[in-house]
>>> print(open('run.txt').read())   # compact mmCIF, C-alpha atoms
# COMPACT_ATOMS: atom_id res chain seq x y z
CA MET A 1 29.19 90.18 82.53
CA GLN A 2 31.68 87.40 81.98
CA LEU A 3 30.24 84.53 84.04
CA SER A 4 30.51 80.76 84.08
CA ARG A 5 27.59 78.67 82.83
CA GLU A 6 26.94 77.46 86.38
CA GLU A 7 26.97 80.91 87.94
CA ASP A 8 24.45 82.43 85.52
CA SER A 9 22.21 79.40 85.03
CA VAL A 10 18.57 80.34 84.95
CA SER A 11 17.83 78.23 88.01
CA GLU A 12 20.41 80.20 89.98
CA LEU A 13 19.05 83.50 88.64
CA LEU A 14 15.49 82.58 89.60
CA LYS A 15 16.68 81.53 93.06
CA ARG A 16 18.45 84.88 93.48
CA ALA A 17 15.39 86.76 92.19
CA ARG A 18 13.15 85.02 94.71
CA GLY A 19 15.65 85.96 97.38
CA ILE A 20 14.92 89.66 96.78
CA GLN A 21 11.12 89.22 96.62
CA ASP A 22 10.60 91.47 99.65
CA ARG A 23 12.53 94.31 98.03
CA LEU A 24 10.69 93.89 94.73
CA VAL A 25 7.35 94.17 96.52
CA ALA A 26 8.52 97.13 98.61
CA TRP A 27 9.76 99.01 95.54
CA ARG A 28 6.59 98.27 93.61
CA ARG A 29 4.32 99.38 96.45
CA ASP A 30 6.35 102.52 97.09
CA VAL A 31 6.05 103.57 93.44
CA HIS A 32 2.39 102.55 93.38
CA ALA A 33 1.57 104.70 96.40
CA HIS A 34 3.30 107.73 94.86
CA PRO A 35 2.20 107.76 91.20
CA GLU A 36 3.33 110.51 88.84
CA LEU A 37 2.00 111.44 85.42
CA GLY A 38 4.08 111.53 82.25
CA PHE A 39 7.18 113.78 82.33
CA GLU A 40 6.44 114.48 86.01
CA GLU A 41 8.15 111.36 87.42
CA HIS A 42 10.61 113.32 89.58
CA ARG A 43 10.22 111.30 92.79
CA THR A 44 10.28 107.99 90.91
CA ALA A 45 13.38 109.04 88.98
CA ARG A 46 15.19 110.01 92.20
CA LEU A 47 14.29 106.67 93.78
CA VAL A 48 15.57 104.78 90.72
CA ALA A 49 18.78 106.80 90.45
CA ASP A 50 19.59 106.39 94.16
CA ILE A 51 19.13 102.60 94.02
CA LEU A 52 21.23 102.28 90.86
CA ARG A 53 24.02 104.37 92.38
CA ASP A 54 23.96 102.17 95.49
CA LEU A 55 24.60 99.25 93.12
CA ASP A 56 27.67 101.11 91.73
CA LEU A 57 26.16 101.55 88.29
CA THR A 58 26.98 104.53 86.12
CA VAL A 59 23.85 106.68 86.25
CA GLU A 60 22.54 109.47 84.02
CA THR A 61 19.41 111.45 84.87
CA GLY A 62 17.21 113.87 82.96
CA ILE A 63 17.29 111.67 79.86
CA GLY A 64 14.28 112.33 77.66
CA GLY A 65 12.93 114.66 80.33
CA THR A 66 12.69 112.69 83.57
CA GLY A 67 14.23 109.43 82.37
CA VAL A 68 17.11 107.57 84.06
CA VAL A 69 19.78 105.43 82.40
CA GLY A 70 21.97 103.03 84.33
CA ARG A 71 24.98 101.28 82.82
CA LEU A 72 26.56 98.03 83.94
CA GLY A 73 29.67 96.90 82.10
CA VAL A 74 31.07 98.37 78.87
CA GLY A 75 29.79 97.73 75.36
CA ARG A 76 32.22 98.24 72.50
CA PRO A 77 30.76 97.68 69.01
CA GLY A 78 33.08 95.67 66.80
CA ALA A 79 35.17 94.50 69.76
CA GLY A 80 32.99 91.56 70.74
CA ARG A 81 31.38 93.52 73.56
CA PRO A 82 27.74 94.11 72.65
CA ALA A 83 25.23 96.19 74.59
CA VAL A 84 21.66 95.25 75.43
CA GLY A 85 19.04 97.66 76.71
CA LEU A 86 16.35 96.71 79.23
CA ARG A 87 13.44 99.15 79.38
CA ALA A 88 10.80 99.98 82.00
CA ASP A 89 8.28 102.84 81.84
CA MET A 90 7.61 104.91 84.96
CA ASP A 91 4.47 107.02 84.44
CA ALA A 92 0.99 106.60 85.90
CA LEU A 93 -2.50 107.41 84.60
CA PRO A 94 -5.10 110.08 85.48
CA ILE A 95 -7.38 107.55 87.22
CA GLN A 96 -8.83 107.59 90.74
CA GLU A 97 -7.88 104.30 92.41
CA ALA A 98 -10.75 102.24 93.83
CA ASN A 99 -8.67 99.59 95.62
CA ASP A 100 -8.70 99.51 99.43
CA VAL A 101 -5.13 98.36 100.03
CA PRO A 102 -2.34 99.76 102.25
CA TYR A 103 -0.29 100.75 99.19
CA ALA A 104 -3.15 102.51 97.35
CA SER A 105 -2.35 105.75 95.56
CA ARG A 106 -1.87 108.72 97.84
CA VAL A 107 -2.29 111.15 94.96
CA PRO A 108 -5.92 112.02 94.18
CA GLY A 109 -6.88 111.22 90.60
CA VAL A 110 -3.59 109.53 89.71
CA MET A 111 -2.94 105.79 89.74
CA HIS A 112 -0.54 103.14 88.47
CA ALA A 113 -3.24 101.30 86.54
CA CYS A 114 -1.02 99.84 83.81
CA GLY A 115 1.63 98.07 85.86
CA HIS A 116 4.46 100.54 85.32
CA ASP A 117 5.14 100.36 89.07
CA ALA A 118 5.87 96.65 88.61
CA HIS A 119 8.00 97.37 85.54
CA VAL A 120 10.16 99.75 87.59
CA ALA A 121 10.50 97.27 90.45
CA MET A 122 11.44 94.39 88.14
CA LEU A 123 14.08 96.42 86.31
CA LEU A 124 15.58 97.57 89.62
CA GLY A 125 15.62 93.93 90.70
CA THR A 126 17.31 92.94 87.46
CA ALA A 127 19.99 95.58 88.04
CA GLU A 128 20.59 94.28 91.58
CA LEU A 129 20.74 90.70 90.35
CA LEU A 130 23.23 91.40 87.57
CA ALA A 131 25.34 93.83 89.58
CA GLY A 132 25.70 91.22 92.32
CA LEU A 133 26.86 88.35 90.10
CA PRO A 134 30.54 87.37 90.31
CA VAL A 135 32.66 88.48 87.36
CA SER A 136 35.77 86.93 85.87
CA PRO A 137 39.11 87.25 87.67
CA GLU A 138 40.15 89.92 85.19
CA ASP A 139 37.00 91.87 86.10
CA CYS A 140 36.48 92.55 82.40
CA PRO A 141 32.84 92.58 81.30
CA ASN A 142 32.22 91.24 77.82
CA GLY A 143 29.38 93.68 77.23
CA GLU A 144 27.01 96.23 78.67
CA VAL A 145 23.55 96.03 80.15
CA ARG A 146 21.85 99.41 79.90
CA PHE A 147 18.86 99.97 82.17
CA LEU A 148 16.38 102.37 80.55
CA PHE A 149 13.84 103.87 82.95
CA GLN A 150 11.55 105.75 80.60
CA PRO A 151 9.17 108.62 81.31
CA SER A 152 5.73 109.17 79.81
CA GLU A 153 4.78 106.09 77.85
CA GLU A 154 1.09 106.94 78.16
CA VAL A 155 0.94 110.49 76.80
CA PRO A 156 2.94 112.70 74.43
CA ASP A 157 4.23 116.15 75.29
CA ALA A 158 3.12 119.40 73.66
CA GLU A 159 5.15 118.50 70.58
CA GLY A 160 3.55 115.09 70.23
CA ARG A 161 6.58 113.16 71.52
CA SER A 162 6.32 110.58 74.29
CA GLY A 163 9.09 109.26 76.49
CA ALA A 164 10.64 106.63 74.21
CA PRO A 165 11.44 108.94 71.27
CA ARG A 166 12.59 111.62 73.72
CA MET A 167 15.06 109.18 75.28
CA ILE A 168 16.26 108.11 71.83
CA GLU A 169 16.84 111.77 70.93
CA ASP A 170 18.97 112.11 74.08
CA GLY A 171 21.16 109.17 73.06
CA ALA A 172 19.77 106.49 75.37
CA LEU A 173 20.06 103.83 72.65
CA ASP A 174 23.39 104.95 71.16
CA GLY A 175 25.62 101.90 70.92
CA VAL A 176 22.85 99.51 71.96
CA ASP A 177 22.50 96.35 69.84
CA ALA A 178 19.10 95.16 71.09
CA VAL A 179 16.39 96.24 73.51
CA LEU A 180 14.05 94.12 75.64
CA ALA A 181 10.98 94.98 77.72
CA LEU A 182 8.47 93.13 79.86
CA HIS A 183 4.87 94.33 80.25
CA VAL A 184 2.43 92.94 82.79
CA ASP A 185 -0.63 91.06 81.51
CA SER A 186 -3.60 91.10 83.88
CA ASN A 187 -5.42 88.39 81.91
CA ALA A 188 -2.65 85.78 82.04
CA ALA A 189 -1.92 83.49 84.99
CA ALA A 190 0.69 84.81 87.40
CA GLY A 191 4.20 83.72 86.47
CA THR A 192 3.43 82.83 82.85
CA VAL A 193 5.18 84.74 80.07
CA GLY A 194 3.91 85.51 76.57
CA VAL A 195 6.31 85.92 73.66
CA ARG A 196 5.66 86.04 69.94
CA PRO A 197 7.68 87.09 66.88
CA GLY A 198 6.38 89.75 64.50
CA ALA A 199 3.52 92.19 65.06
CA ILE A 200 2.58 92.57 68.70
CA MET A 201 1.00 96.04 69.14
CA ALA A 202 -0.69 98.47 66.79
CA ALA A 203 0.26 101.85 65.45
CA VAL A 204 -1.77 104.52 67.24
CA ASP A 205 -2.79 107.70 65.43
CA PRO A 206 -5.16 110.04 67.29
CA PHE A 207 -7.15 112.46 65.16
CA SER A 208 -9.33 115.51 65.65
CA ALA A 209 -11.61 117.19 63.13
CA THR A 210 -14.01 120.08 62.79
CA ILE A 211 -17.03 119.80 60.52
CA ILE A 212 -17.98 123.32 59.49
CA GLY A 213 -21.47 124.36 58.46
CA SER A 214 -23.43 127.56 58.98
CA GLY A 215 -25.68 128.05 61.96
CA SER A 216 -29.37 128.80 61.82
CA HIS A 217 -32.54 128.85 63.87
CA SER A 218 -33.85 125.31 64.21
CA ALA A 219 -37.20 126.57 62.89
CA PHE A 220 -35.49 127.52 59.61
CA PRO A 221 -32.95 124.75 58.90
CA HIS A 222 -32.99 125.56 55.19
CA GLU A 223 -31.28 128.87 55.92
CA GLY A 224 -28.12 127.18 57.09
CA VAL A 225 -25.97 124.10 56.59
CA SER A 226 -26.27 121.72 59.52
CA PRO A 227 -22.90 120.24 60.52
CA ILE A 228 -24.80 117.63 62.54
CA ALA A 229 -26.55 116.33 59.43
CA ILE A 230 -23.16 116.17 57.73
CA LEU A 231 -21.73 114.36 60.77
CA ALA A 232 -24.27 111.58 60.34
CA GLN A 233 -22.98 110.95 56.83
CA VAL A 234 -19.35 111.17 57.96
CA ILE A 235 -19.86 108.59 60.70
CA GLU A 236 -21.51 106.20 58.25
CA ALA A 237 -18.61 106.66 55.81
CA VAL A 238 -16.02 106.11 58.54
CA GLN A 239 -17.66 102.91 59.74
CA SER A 240 -18.12 101.64 56.20
CA ALA A 241 -14.48 102.27 55.31
CA ARG A 242 -13.23 99.51 57.62
CA ALA A 243 -15.84 97.06 56.36
CA LEU A 244 -15.70 97.83 52.65
CA ARG A 245 -12.39 99.43 51.74
CA ILE A 246 -9.74 97.71 53.93
CA ASP A 247 -8.47 94.19 53.31
CA PRO A 248 -10.55 92.10 55.75
CA LEU A 249 -7.51 89.95 56.58
CA LYS A 250 -5.57 92.97 57.90
CA PRO A 251 -6.46 94.36 61.33
CA ALA A 252 -7.57 97.99 61.36
CA VAL A 253 -9.66 100.34 63.47
CA ILE A 254 -11.14 103.79 62.90
CA ALA A 255 -12.92 104.83 66.08
CA ILE A 256 -14.79 108.07 66.71
CA GLU A 257 -14.44 108.68 70.45
CA SER A 258 -16.02 112.09 71.08
CA VAL A 259 -18.53 114.47 69.50
CA HIS A 260 -19.15 118.03 70.71
CA ALA A 261 -21.69 120.41 69.18
CA GLY A 262 -24.27 122.97 70.18
CA ALA A 263 -25.21 124.49 73.53
CA ALA A 264 -28.60 126.15 73.13
CA SER A 265 -32.16 125.08 72.40
CA GLY A 266 -33.55 126.32 69.11
CA VAL A 267 -30.12 126.75 67.53
CA ILE A 268 -28.43 124.60 64.90
CA PRO A 269 -24.69 125.09 65.56
CA ASP A 270 -22.24 126.17 62.92
CA GLN A 271 -19.69 123.42 63.62
CA VAL A 272 -19.11 120.01 65.21
CA GLU A 273 -15.87 118.90 66.89
CA ILE A 274 -14.99 115.20 66.76
CA SER A 275 -11.98 113.16 67.82
CA GLY A 276 -10.94 109.57 67.60
CA ASN A 277 -8.25 107.05 66.92
CA VAL A 278 -6.81 105.09 64.02
CA ARG A 279 -5.02 101.78 64.74
CA SER A 280 -3.26 99.34 62.44
CA PHE A 281 -0.32 96.95 62.12
CA ASP A 282 0.56 97.28 58.44
CA GLU A 283 2.10 100.56 57.23
CA ASP A 284 0.18 100.51 53.95
CA VAL A 285 -3.07 99.97 55.86
CA ARG A 286 -2.11 102.80 58.18
CA GLU A 287 -1.75 105.19 55.24
CA GLN A 288 -4.97 103.92 53.68
CA LEU A 289 -6.88 104.53 56.92
CA HIS A 290 -5.66 108.12 56.92
CA ARG A 291 -6.90 108.54 53.35
CA GLU A 292 -10.27 106.99 54.17
CA LEU A 293 -10.70 109.36 57.09
CA GLU A 294 -9.98 112.28 54.79
CA ARG A 295 -12.39 110.88 52.21
CA ALA A 296 -15.19 110.54 54.77
CA LEU A 297 -14.76 114.08 56.04
CA SER A 298 -14.75 115.46 52.50
CA LEU A 299 -18.49 114.73 52.47
CA ALA A 300 -18.77 118.00 54.36
CA ARG A 301 -17.90 119.84 51.16
CA VAL A 302 -20.41 117.84 49.17
CA GLY A 303 -23.05 118.96 51.66
CA GLY A 304 -22.14 122.63 51.35
CA GLY A 305 -19.85 122.84 54.37
CA ASP A 306 -16.16 122.30 55.01
CA TYR A 307 -13.82 120.52 57.43
CA ARG A 308 -10.44 120.58 59.12
CA LEU A 309 -8.59 117.38 60.00
CA THR A 310 -5.47 116.78 62.10
CA ILE A 311 -3.96 113.29 62.39
CA GLU A 312 -1.14 112.73 64.88
CA THR A 313 1.18 109.81 64.19
CA TYR A 314 1.76 108.90 67.84
CA SER A 315 3.59 105.58 67.72
CA PRO A 316 4.25 103.03 64.99
CA ALA A 317 3.26 99.38 65.21
CA ALA A 318 5.50 97.26 67.43
CA HIS A 319 7.14 94.22 65.83
CA ASN A 320 9.21 91.73 67.82
CA ASP A 321 12.48 90.62 66.25
CA PRO A 322 12.12 86.87 65.50
CA ALA A 323 15.60 85.87 66.70
CA LEU A 324 15.27 87.83 69.93
CA ALA A 325 11.78 86.48 70.50
CA GLU A 326 13.13 82.93 70.26
CA LEU A 327 15.95 83.79 72.67
CA VAL A 328 13.45 85.11 75.25
CA ALA A 329 11.11 82.15 74.70
CA THR A 330 13.99 79.74 75.35
CA VAL A 331 14.81 81.58 78.57
CA VAL A 332 11.17 81.44 79.70
CA ARG A 333 11.05 77.67 79.17
CA GLU A 334 14.11 77.26 81.37
CA VAL A 335 13.07 79.78 84.03
CA ALA A 336 9.43 78.83 84.51
CA GLY A 337 8.99 75.63 82.50
CA PRO A 338 7.47 74.99 79.04
CA HIS A 339 3.95 75.18 80.48
CA ALA A 340 4.53 78.80 81.48
CA LEU A 341 5.21 80.00 77.93
CA PHE A 342 2.29 81.23 75.82
CA GLU A 343 2.01 83.04 72.50
CA PRO A 344 -0.06 86.21 72.88
CA GLN A 345 -2.27 87.50 70.12
CA PRO A 346 -1.37 90.86 68.56
CA ARG A 347 -3.00 93.62 70.57
CA MET A 348 -4.70 96.71 69.17
CA TYR A 349 -3.44 98.99 71.91
CA GLY A 350 -0.23 100.87 71.31
CA GLU A 351 3.10 101.19 73.13
CA ASP A 352 5.84 103.68 72.37
CA PHE A 353 8.41 100.92 72.97
CA SER A 354 7.80 100.41 69.25
CA THR A 355 10.02 103.42 68.51
CA MET A 356 12.89 101.73 70.34
CA ALA A 357 12.24 98.42 68.58
CA ARG A 358 12.42 100.25 65.24
CA ARG A 359 15.76 101.79 66.15
CA VAL A 360 17.36 98.46 67.13
CA PRO A 361 16.07 94.87 67.19
CA GLY A 362 13.65 94.57 70.08
CA VAL A 363 11.21 92.33 71.91
CA MET A 364 8.39 93.09 74.30
CA ALA A 365 7.18 90.06 76.24
CA PHE A 366 4.20 89.85 78.63
CA LEU A 367 4.32 88.69 82.24
CA GLY A 368 1.13 87.17 83.60
CA VAL A 369 0.06 88.85 86.85
CA ARG A 370 -3.63 87.92 87.15
CA ALA A 371 -4.72 88.47 90.75
CA GLY A 372 -7.55 86.21 91.91
CA ASP A 373 -10.73 85.45 90.01
CA GLU A 374 -12.07 88.99 89.78
CA PRO A 375 -11.15 90.77 86.51
CA ARG A 376 -8.72 93.63 87.11
CA PRO A 377 -8.07 95.00 83.63
CA LEU A 378 -5.35 97.45 82.72
CA HIS A 379 -6.36 101.12 82.84
CA SER A 380 -9.17 100.42 85.32
CA PRO A 381 -9.58 101.86 88.86
CA THR A 382 -9.42 98.34 90.31
CA PHE A 383 -6.25 97.19 88.56
CA ASP A 384 -3.87 95.24 90.79
CA LEU A 385 -1.47 92.35 90.33
CA ASP A 386 -0.14 89.16 91.87
CA GLU A 387 3.29 90.17 93.15
CA SER A 388 4.51 86.56 93.26
CA ALA A 389 5.17 86.91 89.51
CA LEU A 390 7.78 89.65 89.96
CA PRO A 391 10.81 87.34 90.54
CA VAL A 392 9.95 85.43 87.35
CA GLY A 393 10.05 88.71 85.43
CA VAL A 394 13.40 89.62 86.97
CA ALA A 395 14.93 86.23 86.15
CA VAL A 396 13.65 86.38 82.56
CA LEU A 397 15.09 89.86 81.99
CA ALA A 398 18.43 89.00 83.61
CA ALA A 399 18.86 85.67 81.81
CA SER A 400 17.80 87.14 78.45
CA ALA A 401 20.36 89.94 78.79
CA LEU A 402 23.15 87.50 79.66
CA ARG A 403 22.25 85.14 76.82
CA PHE A 404 22.30 88.03 74.36
CA LEU A 405 25.71 89.21 75.56
CA ARG A 406 27.06 85.69 75.10
CA GLY A 407 25.73 85.66 71.54
CA GLU A 408 23.38 82.72 72.10
>>> encode(input="run.txt", output="structure tokens")
Amino acid sequence: MQLSREEDSVSELLKRARGIQDRLVAWRRDVHAHPELGFEEHRTARLVADILRDLDLTVETGIGGTGVVGRLGVGRPGAGRPAVGLRADMDALPIQEANDVPYASRVPGVMHACGHDAHVAMLLGTAELLAGLPVSPEDCPNGEVRFLFQPSEEVPDAEGRSGAPRMIEDGALDGVDAVLALHVDSNAAAGTVGVRPGAIMAAVDPFSATIIGSGSHSAFPHEGVSPIAILAQVIEAVQSARALRIDPLKPAVIAIESVHAGAASGVIPDQVEISGNVRSFDEDVREQLHRELERALSLARVGGGDYRLTIETYSPAAHNDPALAELVATVVREVAGPHALFEPQPRMYGEDFSTMARRVPGVMAFLGVRAGDEPRPLHSPTFDLDESALPVGVAVLAASALRFLRGE
């Protein structure tokens, strides 16, 4: 949007964002009370699309499944009219909410426990803020802000694809020059914002394996090959791989999360099912972890058995573009003051925003939303947030988009 420096100053944007605080809270609580799992966000998508249309944005639905894309302005590559994408995820988690609040989940076993309800509300607020700003007399935007409401960040579909790559496949990022996102942080003080360049979130690769032996009566173990005995060696090899075979200065995790075997007394089963997760930041380490997992499971063959291993490459590591990270950090200092800016440590959880940030330069920042003194961690039944932080998030997203379009 082609605005004067005074009209789009961060102080004015924050003032406008605080002026819509009631709507931000209402949107967030509405979405929170009606959570929907990945690729099932039909009600949320309708709510988003209706609000964007009321703001006179160009709206596309069904993107990447249940995603919604809103467009404000026109981006024309090579014509000095760039496009910036702002992304919010919409899906909830299969968790039974334990909070006793008026806006608690009305859907048994489903809850917004990762703040995606707040992400939706803040991006809607950003759209309202930017759509309501005065434009130049010629009414000629010098770029496009594209609002990306993404389905299913938490889980992949049957083909192993989550919402971000599905939206990319449907053209949501076509013509976009950069993409920004804001994720809530339940450990940081409300209204603070964390930004860092470089690695921010890990690659996430779930795996499942079957250790195959041959069953026998437990009174005659020598007549079979116990997959449980082999499992003990595999677990030791897996745990040793991180300690002894990976560069200790490079973060890496191989975690075995489940083990299933046997169902009857007196019987040694013929196989063991295990599953787990591999996490890393460095691509070479990622590949090495896959090899070490294969190496550990190959002990089954040494012990007279066999194995099957499947590794799913869910999402790559997320890396923030340094120039964009500095742009957002500068905005944060002006919106909330230098004291509100912090540099978060890289986090071992994953986020499929990384697929967007690999397609175009991207940044994910973190908005502090800590509510009270009681810990309310992400993905817990008691997760909640301090809604006073929402206008700060809106102002940061709006100002960052405008600064990018101006080429600052």
>>> closest_atom_pairs(input="run.txt", of="region 136-245 of chain A", to="region 111-117 of chain A", cutoff="9 Å", atoms="all atoms listed in the file", output="CSV")
residue,atom,partner,partner_atom,distance
A:His183,CA,A:Gly115,CA,7.5
A:Val184,CA,A:Gly115,CA,6.0
A:Asp185,CA,A:Gly115,CA,8.6
A:Ser186,CA,A:Gly115,CA,8.9
>>> write_last_selection(input="run.txt", atoms="C-alpha atoms", output="tab-separated table (two decimals), keeping the file's coordinate frame")
chain	number	residue	atom	x	y	z
A	183	HIS	CA	4.87	94.33	80.25
A	184	VAL	CA	2.43	92.94	82.79
A	185	ASP	CA	-0.63	91.06	81.51
A	186	SER	CA	-3.60	91.10	83.88
>>> atom_distance(input="run.txt", atom1="CA of Val360 (chain A)", atom2="CA of Ala399 (chain A)")
19.5 Å
>>> residues_around(input="run.txt", residues="region 85-101 of chain A", least_positions_apart="5", cutoff="8 Å", atoms="all atoms listed in the file", output="compact mmCIF listing (two decimals) with C-alpha atoms, keeping the file's coordinate frame")
# COMPACT_ATOMS: atom_id res chain seq x y z
CA PRO A 35 2.20 107.76 91.20
CA GLU A 36 3.33 110.51 88.84
CA LEU A 37 2.00 111.44 85.42
CA GLY A 38 4.08 111.53 82.25
CA PHE A 39 7.18 113.78 82.33
CA GLU A 40 6.44 114.48 86.01
CA GLU A 41 8.15 111.36 87.42
CA THR A 44 10.28 107.99 90.91
CA PRO A 108 -5.92 112.02 94.18
CA GLY A 109 -6.88 111.22 90.60
CA VAL A 110 -3.59 109.53 89.71
CA MET A 111 -2.94 105.79 89.74
CA HIS A 112 -0.54 103.14 88.47
CA ALA A 113 -3.24 101.30 86.54
CA CYS A 114 -1.02 99.84 83.81
CA HIS A 116 4.46 100.54 85.32
CA ASP A 117 5.14 100.36 89.07
CA HIS A 119 8.00 97.37 85.54
CA VAL A 120 10.16 99.75 87.59
CA LEU A 123 14.08 96.42 86.31
CA VAL A 145 23.55 96.03 80.15
CA ARG A 146 21.85 99.41 79.90
CA PHE A 147 18.86 99.97 82.17
CA LEU A 148 16.38 102.37 80.55
CA PHE A 149 13.84 103.87 82.95
CA GLN A 150 11.55 105.75 80.60
CA PRO A 151 9.17 108.62 81.31
CA SER A 152 5.73 109.17 79.81
CA GLU A 153 4.78 106.09 77.85
CA GLU A 154 1.09 106.94 78.16
CA LEU A 173 20.06 103.83 72.65
CA VAL A 176 22.85 99.51 71.96
CA ASP A 177 22.50 96.35 69.84
CA ALA A 178 19.10 95.16 71.09
CA VAL A 179 16.39 96.24 73.51
CA LEU A 180 14.05 94.12 75.64
CA ALA A 181 10.98 94.98 77.72
CA LEU A 182 8.47 93.13 79.86
CA HIS A 379 -6.36 101.12 82.84
CA SER A 380 -9.17 100.42 85.32
CA PRO A 381 -9.58 101.86 88.86
CA THR A 382 -9.42 98.34 90.31
CA PHE A 383 -6.25 97.19 88.56
CA LEU A 397 15.09 89.86 81.99
CA ALA A 401 20.36 89.94 78.79
>>> residues_around(input="run.txt", residues="Ile168 (chain A)", least_positions_apart="3", cutoff="9 Å", atoms="all atoms listed in the file", output="PyMOL selection string")
chain A and resi 63-64+163-165+171-174+355-356+359
>>> closest_atom_pairs(input="run.txt", of="region 343-390 of chain A", to="region 229-252 of chain A", cutoff="12 Å", atoms="only C-alpha atoms", output="tab-separated table")
residue	atom	partner	partner_atom	distance
A:Gln345	CA	A:Pro251	CA	11.9
A:Pro346	CA	A:Pro251	CA	9.5
A:Arg347	CA	A:Pro251	CA	9.9
A:Met348	CA	A:Pro251	CA	8.4
A:Tyr349	CA	A:Ala252	CA	11.4
>>> residues_around(input="run.txt", residues="Gly266 (chain A)", least_positions_apart="3", cutoff="12 Å", atoms="all atoms listed in the file", output="ChimeraX atom specification")
/A:215-221,262-263,269
>>> closest_residue(input="run.txt", among="A:Met167, A:Leu341, A:Glu294, A:Ile20", to="Gly62 (chain A)", atoms="all atoms listed in the file")
A:Met167
>>> residues_around(input="run.txt", residues="region 21-25 of chain A", least_positions_apart="6", cutoff="8 Å", atoms="all atoms listed in the file", output="list in words")
Ala121, Met122, Leu124, Gly125, Glu387, Ser388, Leu390 and Pro391 of chain A
>>> residues_around(input="run.txt", residues="Glu128 (chain A)", least_positions_apart="4", cutoff="10 Å", atoms="only C-alpha atoms", output="PDB file with C-alpha atoms, in the coordinates of the input")
ATOM      1  CA  ARG A  16      18.450  84.880  93.480  1.00  0.00           C
ATOM      2  CA  ALA A  17      15.390  86.760  92.190  1.00  0.00           C
ATOM      3  CA  ILE A  20      14.920  89.660  96.780  1.00  0.00           C
ATOM      4  CA  ILE A  51      19.130 102.600  94.020  1.00  0.00           C
ATOM      5  CA  LEU A  52      21.230 102.280  90.860  1.00  0.00           C
ATOM      6  CA  ASP A  54      23.960 102.170  95.490  1.00  0.00           C
ATOM      7  CA  LEU A  55      24.600  99.250  93.120  1.00  0.00           C
ATOM      8  CA  ASP A  56      27.670 101.110  91.730  1.00  0.00           C
ATOM      9  CA  LEU A  57      26.160 101.550  88.290  1.00  0.00           C
ATOM     10  CA  MET A 122      11.440  94.390  88.140  1.00  0.00           C
ATOM     11  CA  LEU A 123      14.080  96.420  86.310  1.00  0.00           C
ATOM     12  CA  LEU A 124      15.580  97.570  89.620  1.00  0.00           C
ATOM     13  CA  GLY A 132      25.700  91.220  92.320  1.00  0.00           C
ATOM     14  CA  LEU A 133      26.860  88.350  90.100  1.00  0.00           C
ATOM     15  CA  VAL A 394      13.400  89.620  86.970  1.00  0.00           C
ATOM     16  CA  ALA A 398      18.430  89.000  83.610  1.00  0.00           C
TER      17      ALA A 398
END
>>> atom_distance(input="run.txt", atom1="CA of Gly305 (chain A)", atom2="CA of Thr210 (chain A)")
10.6 Å
>>> atom_distance(input="run.txt", atom1="CA of Ser354 (chain A)", atom2="CA of Thr61 (chain A)")
22.4 Å
>>> closest_residue(input="run.txt", among="A:Val195, A:Ala189, A:Ile268, A:Ala395", to="Gly224 (chain A)", atoms="only C-alpha atoms")
A:Ile268
>>> closest_residue(input="run.txt", among="A:His319, A:Arg106, A:Arg28, A:His260", to="Pro197 (chain A)", atoms="all atoms listed in the file")
A:His319
>>> closest_residue(input="run.txt", among="A:Val253, A:Pro322, A:Ser280, A:Gly213", to="Leu299 (chain A)", atoms="all atoms listed in the file")
A:Gly213
>>> closest_residue(input="run.txt", among="A:Asp306, A:Met201, A:Trp27, A:Thr66", to="Ala45 (chain A)", atoms="all atoms listed in the file")
A:Thr66
>>> closest_residue(input="run.txt", among="A:Gly303, A:Gly198, A:Pro102, A:Gly276", to="Ala357 (chain A)", atoms="all atoms listed in the file")
A:Gly198
